Amino acid sequence: MNLRAARLPLLICGLLIAFTASASDADNVKASQAWIRVMPGGLPSGGYVVLENRGEQTVNLRGVRSETYGEVMLHKSSTEGGMGRMEKVDSLPIPAHGTAALSPGGYHLMLMKASKPVKVGDKVKLSLQFTDGSTLDTDFDARPANAMDSDSGMAGMAGMDHHSH
Ligand SMILES: [Cu+2]
């Protein structure tokens with residue numbers, strides 16, 4: 001291997017580091033398993049997604065914009081004395097090199113004031129907003145009201161009770 005060939009990987013490596021340093025929050029976050037539990041009759045629907053942060057710093061999910069829903073809030077569910085309740089939260093931290101899950105019974109998006117009826121099978125685009133102002137457009141699958149979180153089994157059942165109030 002001559003000297004010039006040996007330098008090429010070094011150069012590429014340097015470029016990658018420079019790119020990573022300037023990446024926005026949205027560049028560092030990967031969204032997966034995004035879905036909406038569609039509730040009948042204009043009731044607020046829950047939105048769920050798994051967010052993976054591949055960056056070196058904590059990223060905060062600050063809010064969500066949507067053309068479909070006039071109002072979207074970040075909520076956290078909890079159970080106190082056997083009663084399900086939920087509260088509004090301002091942001092959800094996604095740790096560096098970690099994940100944060102919005103799932104039935106925990107953090108979730110509360111989707112309200114649909115501008116048009118959302119049907120099961122629809123894909124609904126939600127724009128996730130992060131600390132630095134960057135956004136990540138994500139397609140959420142609309143699922144029926146009795147859908148369970150496929151990954152959490154009984155936890156999904158608990159979430160269903162909560163959201164039926
Ligand atoms: Cu809620």
# chains A, B, ... in the order shown; residues from 1 in each chain; ligands from 1
>>> select_by_dssp(residues="segment 9-165 of chain A", states="strand (DSSP E or B)", output="PyMOL selection string")
chain A and resi 29-37+45-53+59-66+69-80+83-88+92-94+98-102+107-114+123-130+135-143
>>> residues_near_ligand(ligand="ligand 1", cutoff="12 Å", atoms="only C-alpha atoms and all ligand atoms", output="PyMOL selection string")
chain A and resi 37+43-48+72-78+84-89+102-112+159-165
>>> write_last_selection(atoms="C-alpha atoms", output="PDB file, in the first residue's frame")
ATOM      1  CA  ARG A  37     -54.489   4.325  18.774  1.00  0.00           C
ATOM      2  CA  LEU A  43     -61.872  11.325  21.593  1.00  0.00           C
ATOM      3  CA  PRO A  44     -58.190  12.125  22.139  1.00  0.00           C
ATOM      4  CA  SER A  45     -55.995   9.456  20.570  1.00  0.00           C
ATOM      5  CA  GLY A  46     -52.703   8.177  21.964  1.00  0.00           C
ATOM      6  CA  GLY A  47     -49.534   8.351  19.886  1.00  0.00           C
ATOM      7  CA  TYR A  48     -46.626   5.998  20.537  1.00  0.00           C
ATOM      8  CA  VAL A  72     -50.802  17.621  20.414  1.00  0.00           C
ATOM      9  CA  MET A  73     -49.602  17.324  23.989  1.00  0.00           C
ATOM     10  CA  LEU A  74     -46.888  15.252  25.598  1.00  0.00           C
ATOM     11  CA  HIS A  75     -48.404  13.256  28.452  1.00  0.00           C
ATOM     12  CA  LYS A  76     -47.203  10.852  31.063  1.00  0.00           C
ATOM     13  CA  SER A  77     -49.474   8.189  32.481  1.00  0.00           C
ATOM     14  CA  SER A  78     -49.125   6.784  35.943  1.00  0.00           C
ATOM     15  CA  GLY A  84     -54.964   5.685  35.989  1.00  0.00           C
ATOM     16  CA  ARG A  85     -54.122   9.329  35.589  1.00  0.00           C
ATOM     17  CA  MET A  86     -51.992  11.381  33.284  1.00  0.00           C
ATOM     18  CA  GLU A  87     -50.220  14.686  33.383  1.00  0.00           C
ATOM     19  CA  LYS A  88     -48.808  17.044  30.817  1.00  0.00           C
ATOM     20  CA  VAL A  89     -45.022  17.159  30.584  1.00  0.00           C
ATOM     21  CA  LEU A 102     -43.599   6.404  24.241  1.00  0.00           C
ATOM     22  CA  SER A 103     -45.864   3.466  24.976  1.00  0.00           C
ATOM     23  CA  PRO A 104     -49.282   2.673  26.439  1.00  0.00           C
ATOM     24  CA  GLY A 105     -49.213   3.262  30.196  1.00  0.00           C
ATOM     25  CA  GLY A 106     -46.224   5.627  30.058  1.00  0.00           C
ATOM     26  CA  TYR A 107     -45.236   8.653  28.059  1.00  0.00           C
ATOM     27  CA  HIS A 108     -47.469   9.238  25.076  1.00  0.00           C
ATOM     28  CA  LEU A 109     -48.636  11.864  22.665  1.00  0.00           C
ATOM     29  CA  MET A 110     -52.191  13.063  23.213  1.00  0.00           C
ATOM     30  CA  LEU A 111     -53.604  13.833  19.789  1.00  0.00           C
ATOM     31  CA  MET A 112     -56.635  16.128  19.796  1.00  0.00           C
ATOM     32  CA  GLY A 159     -52.747   1.416  28.670  1.00  0.00           C
ATOM     33  CA  MET A 160     -56.011   0.481  27.015  1.00  0.00           C
ATOM     34  CA  ASP A 161     -57.902   0.878  30.293  1.00  0.00           C
ATOM     35  CA  HIS A 162     -56.296   4.230  30.853  1.00  0.00           C
ATOM     36  CA  HIS A 163     -57.210   5.600  27.482  1.00  0.00           C
ATOM     37  CA  SER A 164     -60.807   4.462  27.567  1.00  0.00           C
ATOM     38  CA  HIS A 165     -61.844   7.093  30.085  1.00  0.00           C
TER      39      HIS A 165
END
>>> residues_around(residues="Gly55 of chain A", least_positions_apart="6", cutoff="9 Å", atoms="only C-alpha atoms", output="list of chain:residue names")
A:Thr20, A:Ala23, A:Asp25, A:Asp27, A:Asn28, A:Val29, A:Pro95, A:Ala96, A:His97, A:Gly98
>>> atom_distance(atom1="atom CA of Met39 of chain A", atom2="atom CA of Ile94 of chain A")
27.6 Å
>>> residues_around(residues="Ser127 of chain A", least_positions_apart="6", cutoff="12 Å", atoms="only C-alpha atoms", output="PyMOL selection string")
chain A and resi 26+31+34+61-69+72+109+133-140
>>> closest_residue(among="A:Leu51, A:Met83, A:Leu92, A:Ala142", to="Pro117 of chain A", atoms="only C-alpha atoms")
A:Ala142
>>> atom_distance(atom1="atom CA of Leu128 of chain A", atom2="atom CA of Lys30 of chain A")
10.9 Å
>>> atom_distance(atom1="atom CA of Gly81 of chain A", atom2="atom CA of Ile36 of chain A")
27.4 Å
>>> closest_residue(among="A:Val38, A:Val59, A:Gly70, A:Ser32", to="Asp132 of chain A", atoms="only C-alpha atoms")
A:Val59
>>> closest_residue(among="A:Gly41, A:Thr99, A:Gln33, A:Ser91", to="Ala145 of chain A", atoms="only C-alpha atoms")
A:Gly41
